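Note: the block below is start_8.pdb and it holds PDB, C-alpha atoms and all ligand atoms.
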```
MODEL        1
ATOM      1  CA  MET A   8      -8.062 -41.342  -2.621
ATOM      2  CA  LYS A   9      -5.425 -39.461  -4.610
ATOM      3  CA  ALA A  10      -5.154 -36.217  -6.487
ATOM      4  CA  LEU A  11      -5.322 -37.199 -10.144
ATOM      5  CA  ILE A  12      -4.508 -34.827 -12.972
ATOM      6  CA  ALA A  13      -6.193 -35.720 -16.251
ATOM      7  CA  PRO A  14      -5.189 -33.519 -19.181
ATOM      8  CA  SER A  15      -7.897 -33.374 -21.838
ATOM      9  CA  LEU A  16      -6.461 -34.466 -25.182
ATOM     10  CA  LEU A  17      -9.161 -32.371 -26.859
ATOM     11  CA  SER A  18      -6.719 -29.476 -26.602
ATOM     12  CA  SER A  19      -3.834 -31.480 -28.057
ATOM     13  CA  ASN A  20      -2.812 -31.779 -31.693
ATOM     14  CA  PHE A  21      -5.000 -34.637 -33.016
ATOM     15  CA  ALA A  22      -2.580 -35.160 -35.897
ATOM     16  CA  LYS A  23      -0.062 -36.349 -33.321
ATOM     17  CA  LEU A  24      -2.419 -37.851 -30.751
ATOM     18  CA  GLY A  25      -0.217 -40.796 -29.768
ATOM     19  CA  GLU A  26       2.905 -38.685 -29.306
ATOM     20  CA  GLU A  27       0.920 -36.032 -27.430
ATOM     21  CA  ALA A  28      -0.466 -38.697 -25.081
ATOM     22  CA  LEU A  29       2.935 -40.220 -24.303
ATOM     23  CA  SER A  30       4.509 -36.828 -23.897
ATOM     24  CA  ILE A  31       1.883 -35.594 -21.424
ATOM     25  CA  ILE A  32       2.260 -38.770 -19.342
ATOM     26  CA  GLU A  33       5.991 -38.145 -19.321
ATOM     27  CA  LYS A  34       5.225 -34.642 -18.033
ATOM     28  CA  GLY A  35       3.282 -36.009 -15.068
ATOM     29  CA  ALA A  36      -0.314 -36.696 -16.177
ATOM     30  CA  ASP A  37      -2.040 -39.427 -14.153
ATOM     31  CA  TRP A  38      -4.882 -40.044 -16.574
ATOM     32  CA  LEU A  39      -5.622 -39.161 -20.182
ATOM     33  CA  HIS A  40      -9.051 -37.553 -20.488
ATOM     34  CA  MET A  41     -10.711 -38.403 -23.801
ATOM     35  CA  ASP A  42     -13.675 -36.236 -24.838
ATOM     36  CA  VAL A  43     -16.077 -38.237 -26.973
ATOM     37  CA  MET A  44     -18.751 -36.056 -28.606
ATOM     38  CA  ASP A  45     -21.411 -37.228 -31.032
ATOM     39  CA  GLY A  46     -22.622 -33.927 -32.515
ATOM     40  CA  HIS A  47     -26.053 -34.621 -30.980
ATOM     41  CA  PHE A  48     -25.777 -34.650 -27.196
ATOM     42  CA  VAL A  49     -23.384 -31.727 -27.604
ATOM     43  CA  ASN A  50     -22.815 -29.411 -30.519
ATOM     44  CA  ASN A  51     -19.431 -30.786 -31.484
ATOM     45  CA  LEU A  52     -18.042 -33.949 -33.035
ATOM     46  CA  THR A  53     -14.768 -35.479 -31.904
ATOM     47  CA  ILE A  54     -13.580 -39.062 -31.689
ATOM     48  CA  GLY A  55     -15.011 -42.566 -31.560
ATOM     49  CA  ALA A  56     -13.864 -45.999 -30.412
ATOM     50  CA  PRO A  57     -11.518 -46.590 -33.401
ATOM     51  CA  VAL A  58      -9.396 -43.659 -32.252
ATOM     52  CA  ILE A  59      -9.305 -45.031 -28.699
ATOM     53  CA  ARG A  60      -8.276 -48.426 -30.100
ATOM     54  CA  SER A  61      -5.400 -46.972 -32.134
ATOM     55  CA  LEU A  62      -4.320 -44.804 -29.232
ATOM     56  CA  ARG A  63      -4.354 -47.786 -26.867
ATOM     57  CA  GLN A  64      -2.188 -49.769 -29.294
ATOM     58  CA  PHE A  65       0.235 -46.880 -29.533
ATOM     59  CA  ILE A  66       0.564 -46.045 -25.814
ATOM     60  CA  GLY A  67       0.447 -49.593 -24.460
ATOM     61  CA  GLU A  68      -1.767 -51.152 -21.838
ATOM     62  CA  LYS A  69      -0.730 -49.134 -18.792
ATOM     63  CA  PRO A  70      -1.909 -45.512 -19.300
ATOM     64  CA  TYR A  71      -5.359 -44.824 -17.869
ATOM     65  CA  LEU A  72      -7.837 -43.774 -20.546
ATOM     66  CA  ASP A  73     -10.625 -41.791 -18.915
ATOM     67  CA  CYS A  74     -13.339 -41.721 -21.608
ATOM     68  CA  HIS A  75     -15.992 -39.052 -21.144
ATOM     69  CA  LEU A  76     -18.914 -39.935 -23.400
ATOM     70  CA  MET A  77     -20.904 -36.842 -24.330
ATOM     71  CA  VAL A  78     -23.270 -38.868 -26.483
ATOM     72  CA  SER A  79     -27.027 -39.336 -26.670
ATOM     73  CA  ASP A  80     -27.045 -43.120 -26.474
ATOM     74  CA  PRO A  81     -24.107 -44.224 -24.313
ATOM     75  CA  LEU A  82     -25.436 -47.779 -23.895
ATOM     76  CA  LYS A  83     -24.961 -48.335 -27.620
ATOM     77  CA  TRP A  84     -21.247 -47.523 -27.374
ATOM     78  CA  VAL A  85     -20.138 -49.166 -24.119
ATOM     79  CA  ASP A  86     -18.972 -52.452 -25.712
ATOM     80  CA  ASP A  87     -17.024 -50.650 -28.440
ATOM     81  CA  PHE A  88     -15.201 -48.323 -26.051
ATOM     82  CA  ALA A  89     -14.484 -51.059 -23.517
ATOM     83  CA  LYS A  90     -13.093 -53.361 -26.207
ATOM     84  CA  ALA A  91     -11.082 -50.473 -27.665
ATOM     85  CA  GLY A  92      -9.223 -50.067 -24.373
ATOM     86  CA  ALA A  93     -11.091 -47.548 -22.219
ATOM     87  CA  SER A  94     -10.087 -47.733 -18.541
ATOM     88  CA  MET A  95     -13.182 -45.860 -17.427
ATOM     89  CA  ILE A  96     -16.382 -44.872 -19.174
ATOM     90  CA  THR A  97     -18.225 -41.836 -17.889
ATOM     91  CA  PHE A  98     -21.680 -41.178 -19.304
ATOM     92  CA  HIS A  99     -24.114 -38.321 -18.821
ATOM     93  CA  LEU A 100     -27.045 -38.687 -16.478
ATOM     94  CA  GLU A 101     -29.097 -36.431 -18.770
ATOM     95  CA  ALA A 102     -28.634 -38.749 -21.741
ATOM     96  CA  VAL A 103     -30.285 -41.819 -20.283
ATOM     97  CA  THR A 104     -33.190 -43.277 -18.343
ATOM     98  CA  ASN A 105     -31.764 -46.789 -17.907
ATOM     99  CA  ILE A 106     -28.968 -45.708 -15.589
ATOM    100  CA  ASP A 107     -28.523 -49.004 -13.708
ATOM    101  CA  THR A 108     -28.407 -50.920 -16.984
ATOM    102  CA  ILE A 109     -25.518 -48.795 -18.236
ATOM    103  CA  ILE A 110     -23.632 -48.967 -14.940
ATOM    104  CA  ASN A 111     -23.905 -52.767 -14.992
ATOM    105  CA  LYS A 112     -22.943 -53.001 -18.643
ATOM    106  CA  ILE A 113     -19.778 -50.974 -18.054
ATOM    107  CA  LYS A 114     -18.915 -53.053 -14.981
ATOM    108  CA  GLU A 115     -19.312 -56.289 -16.980
ATOM    109  CA  HIS A 116     -16.178 -55.231 -18.833
ATOM    110  CA  ASN A 117     -14.245 -54.890 -15.549
ATOM    111  CA  ILE A 118     -13.569 -51.231 -16.135
ATOM    112  CA  GLU A 119     -14.510 -48.270 -13.982
ATOM    113  CA  VAL A 120     -17.689 -46.263 -14.335
ATOM    114  CA  GLY A 121     -18.415 -42.583 -13.909
ATOM    115  CA  ILE A 122     -21.525 -40.441 -14.211
ATOM    116  CA  SER A 123     -21.421 -36.816 -15.269
ATOM    117  CA  ILE A 124     -23.859 -33.972 -14.751
ATOM    118  CA  LYS A 125     -24.156 -30.808 -16.850
ATOM    119  CA  PRO A 126     -24.288 -27.364 -15.211
ATOM    120  CA  ASN A 127     -28.098 -27.175 -15.238
ATOM    121  CA  THR A 128     -28.604 -30.621 -13.714
ATOM    122  CA  ASP A 129     -29.588 -30.935 -10.069
ATOM    123  CA  VAL A 130     -26.925 -32.808  -8.115
ATOM    124  CA  ASP A 131     -29.625 -34.579  -6.118
ATOM    125  CA  LEU A 132     -30.421 -36.647  -9.207
ATOM    126  CA  LEU A 133     -26.938 -38.148  -9.031
ATOM    127  CA  ILE A 134     -27.002 -39.041  -5.347
ATOM    128  CA  PRO A 135     -28.893 -42.365  -5.638
ATOM    129  CA  TYR A 136     -26.069 -43.706  -7.829
ATOM    130  CA  LEU A 137     -23.020 -42.634  -5.832
ATOM    131  CA  ASP A 138     -22.613 -46.027  -4.169
ATOM    132  CA  LYS A 139     -22.603 -47.787  -7.518
ATOM    133  CA  ILE A 140     -19.983 -45.757  -9.351
ATOM    134  CA  ASP A 141     -16.244 -45.088  -9.216
ATOM    135  CA  MET A 142     -16.401 -41.385 -10.027
ATOM    136  CA  ALA A 143     -18.797 -38.448 -10.170
ATOM    137  CA  LEU A 144     -18.032 -35.808 -12.794
ATOM    138  CA  VAL A 145     -19.337 -32.313 -12.141
ATOM    139  CA  MET A 146     -19.090 -30.279 -15.348
ATOM    140  CA  THR A 147     -17.802 -26.786 -14.709
ATOM    141  CA  VAL A 148     -18.593 -25.587 -18.246
ATOM    142  CA  GLU A 149     -21.377 -26.439 -20.653
ATOM    143  CA  PRO A 150     -19.984 -29.557 -22.368
ATOM    144  CA  GLY A 151     -18.928 -29.311 -25.997
ATOM    145  CA  PHE A 152     -15.787 -27.225 -26.218
ATOM    146  CA  GLY A 153     -12.476 -26.583 -24.539
ATOM    147  CA  GLY A 154     -11.335 -23.117 -23.521
ATOM    148  CA  GLN A 155     -14.471 -21.963 -21.695
ATOM    149  CA  LYS A 156     -14.739 -20.084 -18.412
ATOM    150  CA  PHE A 157     -14.813 -22.066 -15.154
ATOM    151  CA  MET A 158     -18.236 -21.969 -13.478
ATOM    152  CA  GLN A 159     -17.534 -21.410  -9.820
ATOM    153  CA  ASN A 160     -21.230 -21.710  -9.010
ATOM    154  CA  MET A 161     -20.954 -25.480  -9.592
ATOM    155  CA  MET A 162     -18.896 -25.871  -6.412
ATOM    156  CA  PRO A 163     -21.849 -26.499  -4.055
ATOM    157  CA  LYS A 164     -22.496 -29.670  -6.096
ATOM    158  CA  VAL A 165     -18.920 -30.831  -5.503
ATOM    159  CA  SER A 166     -19.131 -30.025  -1.783
ATOM    160  CA  LYS A 167     -22.405 -31.860  -1.425
ATOM    161  CA  ILE A 168     -21.031 -35.026  -3.039
ATOM    162  CA  ARG A 169     -17.817 -34.794  -1.031
ATOM    163  CA  LYS A 170     -19.736 -34.511   2.224
ATOM    164  CA  LEU A 171     -21.756 -37.598   1.382
ATOM    165  CA  LYS A 172     -18.844 -39.601  -0.017
ATOM    166  CA  PRO A 173     -15.491 -38.718   1.565
ATOM    167  CA  ASN A 174     -13.644 -41.336  -0.527
ATOM    168  CA  LEU A 175     -15.292 -41.081  -3.923
ATOM    169  CA  ASN A 176     -13.345 -39.724  -6.861
ATOM    170  CA  ILE A 177     -14.928 -36.403  -7.823
ATOM    171  CA  GLN A 178     -13.867 -35.007 -11.160
ATOM    172  CA  VAL A 179     -14.256 -31.426 -12.324
ATOM    173  CA  ASP A 180     -14.014 -30.580 -16.003
ATOM    174  CA  GLY A 181     -13.970 -27.228 -17.749
ATOM    175  CA  GLY A 182     -11.950 -24.076 -17.194
ATOM    176  CA  LEU A 183      -9.567 -25.630 -14.663
ATOM    177  CA  SER A 184      -6.205 -23.869 -14.453
ATOM    178  CA  LEU A 185      -3.694 -22.678 -11.883
ATOM    179  CA  GLU A 186      -6.043 -19.720 -11.316
ATOM    180  CA  THR A 187      -9.195 -21.757 -10.643
ATOM    181  CA  ILE A 188      -7.876 -24.966  -9.102
ATOM    182  CA  GLU A 189      -7.951 -23.728  -5.525
ATOM    183  CA  ILE A 190     -11.692 -23.124  -5.672
ATOM    184  CA  ALA A 191     -12.327 -26.640  -6.997
ATOM    185  CA  ALA A 192      -9.918 -28.287  -4.577
ATOM    186  CA  ARG A 193     -11.409 -26.466  -1.575
ATOM    187  CA  ALA A 194     -14.841 -27.740  -2.592
ATOM    188  CA  GLY A 195     -13.527 -31.306  -2.584
ATOM    189  CA  ALA A 196     -12.616 -32.172  -6.168
ATOM    190  CA  ASN A 197      -9.681 -34.599  -6.501
ATOM    191  CA  VAL A 198      -9.702 -35.520 -10.204
ATOM    192  CA  ILE A 199      -8.804 -32.510 -12.286
ATOM    193  CA  VAL A 200      -9.384 -32.315 -16.021
ATOM    194  CA  ALA A 201      -7.495 -29.526 -17.733
ATOM    195  CA  GLY A 202      -7.289 -29.033 -21.481
ATOM    196  CA  SER A 203      -6.155 -25.607 -22.581
ATOM    197  CA  ALA A 204      -4.376 -24.796 -19.308
ATOM    198  CA  VAL A 205      -2.048 -27.748 -19.926
ATOM    199  CA  PHE A 206      -1.716 -27.982 -23.689
ATOM    200  CA  LYS A 207      -1.554 -24.252 -24.430
ATOM    201  CA  SER A 208       1.062 -23.731 -21.743
ATOM    202  CA  GLU A 209       4.760 -23.236 -22.484
ATOM    203  CA  ASN A 210       5.455 -25.503 -19.522
ATOM    204  CA  PRO A 211       2.807 -28.244 -19.236
ATOM    205  CA  GLN A 212       4.886 -30.079 -16.627
ATOM    206  CA  LYS A 213       4.761 -27.076 -14.296
ATOM    207  CA  VAL A 214       1.019 -26.700 -14.768
ATOM    208  CA  ILE A 215       0.407 -30.393 -14.010
ATOM    209  CA  SER A 216       2.561 -30.329 -10.892
ATOM    210  CA  GLY A 217       0.953 -27.052  -9.747
ATOM    211  CA  LEU A 218      -2.539 -28.490 -10.187
ATOM    212  CA  ARG A 219      -1.514 -31.570  -8.225
ATOM    213  CA  GLU A 220       0.141 -29.615  -5.423
ATOM    214  CA  ILE A 221      -2.864 -27.375  -4.827
ATOM    215  CA  THR A 222      -5.332 -30.282  -5.034
ATOM    216  CA  GLU A 223      -3.292 -32.301  -2.524
ATOM    217  CA  LYS A 224      -3.000 -29.340  -0.195
ATOM    218  CA  PHE A 225      -6.763 -29.062   0.191
ATOM    219  CA  MET A 226      -7.263 -32.813   0.365
ATOM    220  CA  LYS A 227      -4.951 -32.860   3.378
ATOM    221  CA  GLN A 228      -6.829 -30.019   5.038
ATOM    222  CA  GLU A 229     -10.030 -32.023   4.776
ATOM    223  CA  ASN A 230      -8.490 -34.979   6.652
TER     224      ASN A 230
HETATM  225  O1  LIG B   1     -15.482 -31.966 -21.714
HETATM  226  C1  LIG B   1     -14.939 -30.928 -22.014
HETATM  227  C2  LIG B   1     -15.640 -29.946 -22.836
HETATM  228  O2  LIG B   1     -16.891 -30.461 -23.089
HETATM  229  C3  LIG B   1     -13.597 -30.659 -21.470
HETATM  230  O3  LIG B   1     -12.858 -31.828 -21.201
HETATM  231  C4  LIG B   1     -12.766 -29.614 -22.072
HETATM  232  O4  LIG B   1     -12.052 -30.112 -23.147
HETATM  233  C5  LIG B   1     -11.830 -29.067 -21.046
HETATM  234  O5  LIG B   1     -11.083 -28.073 -21.639
HETATM  235  P1  LIG B   1     -10.592 -26.786 -20.869
HETATM  236  O6  LIG B   1     -11.815 -26.082 -20.352
HETATM  237  O7  LIG B   1      -9.743 -27.273 -19.756
HETATM  238  O8  LIG B   1      -9.855 -26.028 -21.901
ENDMDL
END
```
Once you've parsed the file, please lay out its structure as structure tokens.
Amino acid sequence: MKALIAPSLLSSNFAKLGEEALSIIEKGADWLHMDVMDGHFVNNLTIGAPVIRSLRQFIGEKPYLDCHLMVSDPLKWVDDFAKAGASMITFHLEAVTNIDTIINKIKEHNIEVGISIKPNTDVDLLIPYLDKIDMALVMTVEPGFGGQKFMQNMMPKVSKIRKLKPNLNIQVDGGLSLETIEIAARAGANVIVAGSAVFKSENPQKVISGLREITEKFMKQEN
């Protein structure tokens, strides 16, 4: 397991998405976090598979596109996002009843699969699926918008998953910055999404390396 820093392109300039993506990789990003919102599951509308396809063509086959689907019917979109070039598809537990069907459908495309839970969702609902997925995403804000305040009270969920699964990728998303990273890293998060903290910074490279350093420090302490 590694510390992985995944800047959220939601906070980038969409008019220059390709350049922003390449530039943030150059500055040390491990993954590119793509926030897909359908205006129904969350109260915001962002990008769809055609944007992922164009981005993939622009950045080449190597960069890891971590696609977080905040949509009401993820099953409907799996094929499109996989064919467009997603490296991982994360869907929301709250959006679906046919969870195994979606996991299997994503795996059919030989890409990774994640499941996300919103702040009001009981972590115990996620536990039966932890052996079947590549990543658990614990939302640390109400999904929908960048720039919100980190919810520290989500950390018991992270700790519980980490205790059960010492090697599973656990992602945290929302309000992560150099001020809040220690709390998340101590709880056991190793995949860090950061939007505004990275893209609104004068020195994104420094923020990415700082996030990585602190995450790694607490990963080592756990071992
Ligand atoms: O999924 C979401 C919001 O729903 C996030 O990925 C945010 O875009 C993260 O932004 P910051 O809180 O880091 O600004």
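Excluding segment 78-95 of chain A itself and any same-chain residue fewer than 2 positions from it, the protein and nucleic acid residues within 6 Å of it, counting only C-alpha atoms, are Met44, Asp45, Phe48, Ala56, Ile59, Arg60, Arg63, Tyr71, Leu72, Asp73, Cys74, Leu76, Ala102, Ile109, Ile118, Glu119 and Val120 of chain A.
Distances from A:Ile31, A:Leu144, A:Ile12, A:Leu183 to Met77 of chain A were compared using all atoms listed in the file, and the smallest one belongs to A:Leu144.
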Per residue of chain A within 6 Å of ligand LIG 1 (chain B), record the nearest atom pair and its distance in Å to one decimal, counting all atoms listed in the file, with rows in chain order and ascending residue number, as CSV.
```
residue,atom,partner,partner_atom,distance
A:Ser15,CA,B:LIG1,O3,5.2
A:Leu17,CA,B:LIG1,O4,5.2
A:Asp42,CA,B:LIG1,O1,5.6
A:Pro150,CA,B:LIG1,O2,3.3
A:Gly151,CA,B:LIG1,O2,3.7
A:Phe152,CA,B:LIG1,C2,4.3
A:Gly153,CA,B:LIG1,O5,3.5
A:Gly154,CA,B:LIG1,O8,3.6
A:Gln155,CA,B:LIG1,O6,5.1
A:Asp180,CA,B:LIG1,O3,5.5
A:Gly181,CA,B:LIG1,O6,3.6
A:Gly182,CA,B:LIG1,O6,3.7
A:Leu183,CA,B:LIG1,O7,5.4
A:Ala201,CA,B:LIG1,O7,3.8
A:Gly202,CA,B:LIG1,O7,3.5
A:Ser203,CA,B:LIG1,O8,3.8
A:Ala204,CA,B:LIG1,O7,5.9
```
Could you dump the residues just selected with C-alpha atoms as an mmCIF file, in the frame of the given file?
```
data_model
loop_
_atom_site.group_PDB
_atom_site.id
_atom_site.type_symbol
_atom_site.label_atom_id
_atom_site.label_comp_id
_atom_site.auth_asym_id
_atom_site.auth_seq_id
_atom_site.Cartn_x
_atom_site.Cartn_y
_atom_site.Cartn_z
ATOM 1 C CA SER A 15 -7.897 -33.374 -21.838
ATOM 2 C CA LEU A 17 -9.161 -32.371 -26.859
ATOM 3 C CA ASP A 42 -13.675 -36.236 -24.838
ATOM 4 C CA PRO A 150 -19.984 -29.557 -22.368
ATOM 5 C CA GLY A 151 -18.928 -29.311 -25.997
ATOM 6 C CA PHE A 152 -15.787 -27.225 -26.218
ATOM 7 C CA GLY A 153 -12.476 -26.583 -24.539
ATOM 8 C CA GLY A 154 -11.335 -23.117 -23.521
ATOM 9 C CA GLN A 155 -14.471 -21.963 -21.695
ATOM 10 C CA ASP A 180 -14.014 -30.580 -16.003
ATOM 11 C CA GLY A 181 -13.970 -27.228 -17.749
ATOM 12 C CA GLY A 182 -11.950 -24.076 -17.194
ATOM 13 C CA LEU A 183 -9.567 -25.630 -14.663
ATOM 14 C CA ALA A 201 -7.495 -29.526 -17.733
ATOM 15 C CA GLY A 202 -7.289 -29.033 -21.481
ATOM 16 C CA SER A 203 -6.155 -25.607 -22.581
ATOM 17 C CA ALA A 204 -4.376 -24.796 -19.308
#
```
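Among the candidates A:Val43, A:Val165, A:Leu175, A:Ile134, the one nearest to Val58 of chain A when counting only C-alpha atoms is A:Val43.
With all atoms listed in the file as the basis for measurement, A:Leu16 is the residue among A:Leu16, A:Ile32, A:Ala192, A:Val214 that approaches Thr53 of chain A most closely.
The nearest approach to Asn210 of chain A among the residues A:Gln64, A:Arg169, A:Gly195, A:Gly35, with all atoms listed in the file taken into account, belongs to A:Gly35.
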(message) Need to verify the contact set: Ala10 of chain A, 10 Å, only C-alpha atoms, exclusion of same-chain residues closer than 2 positions in sequence. Can you return it as number ranges by chain?
(response) A: 8, 12-13, 37, 176-178, 192, 196-199, 218-226
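Here the question is which of A:Lys167, A:Lys114, A:Lys207, A:Lys227 gets nearest to Pro14 of chain A using only C-alpha atoms, and that residue is A:Lys207.
Going from atom CA of Met158 of chain A over to atom CA of Ile96 of chain A, you cover 23.7 Å.
Between atom CA of Lys34 of chain A and atom CA of Gly217 of chain A the interatomic distance comes to 12.0 Å.
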(message) I need the residue nearest Leu24 of chain A from this list: A:Val205, A:Leu62, A:Ala36, A:Met162. Use all atoms listed in the file for the distance.
(response) A:Leu62
Once 4 Å is added on each side, what centre and edge lengths in Å to one decimal does the axis-aligned box around all listed atoms of segment 216-227 of chain A have, as lines of an AutoDock Vina configuration file?
```
center_x = -2.4
center_y = -30.0
center_z = -3.8
size_x = 17.8
size_y = 13.8
size_z = 22.3
```
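Separating atom CA of Lys112 of chain A from atom CA of Asp138 of chain A is a distance of 16.1 Å.
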(request) I would like the residues chosen by the PyMOL selection byres (((chain A and resi 164) around 12) and not hetatm) on the shown file; could you give them as a PyMOL selection string? (result) chain A and resi 123-134+143-147+158-163+165-171+177-179+191+194-196
(request) Within 9 Å of (-30.4, -43.0, -10.3) (coordinates as in the file), grab all the protein and nucleic acid residues, counting all atoms listed in the file, and write them out as a ChimeraX atom specification. (result) /A:100,104-107,132-137
(message) At a cut-off of 9 Å, using only C-alpha atoms, what residues contact Phe65 of chain A? Leave out same-chain residues fewer than 5 positions from it and give the result as a count of residues only.
(response) 4
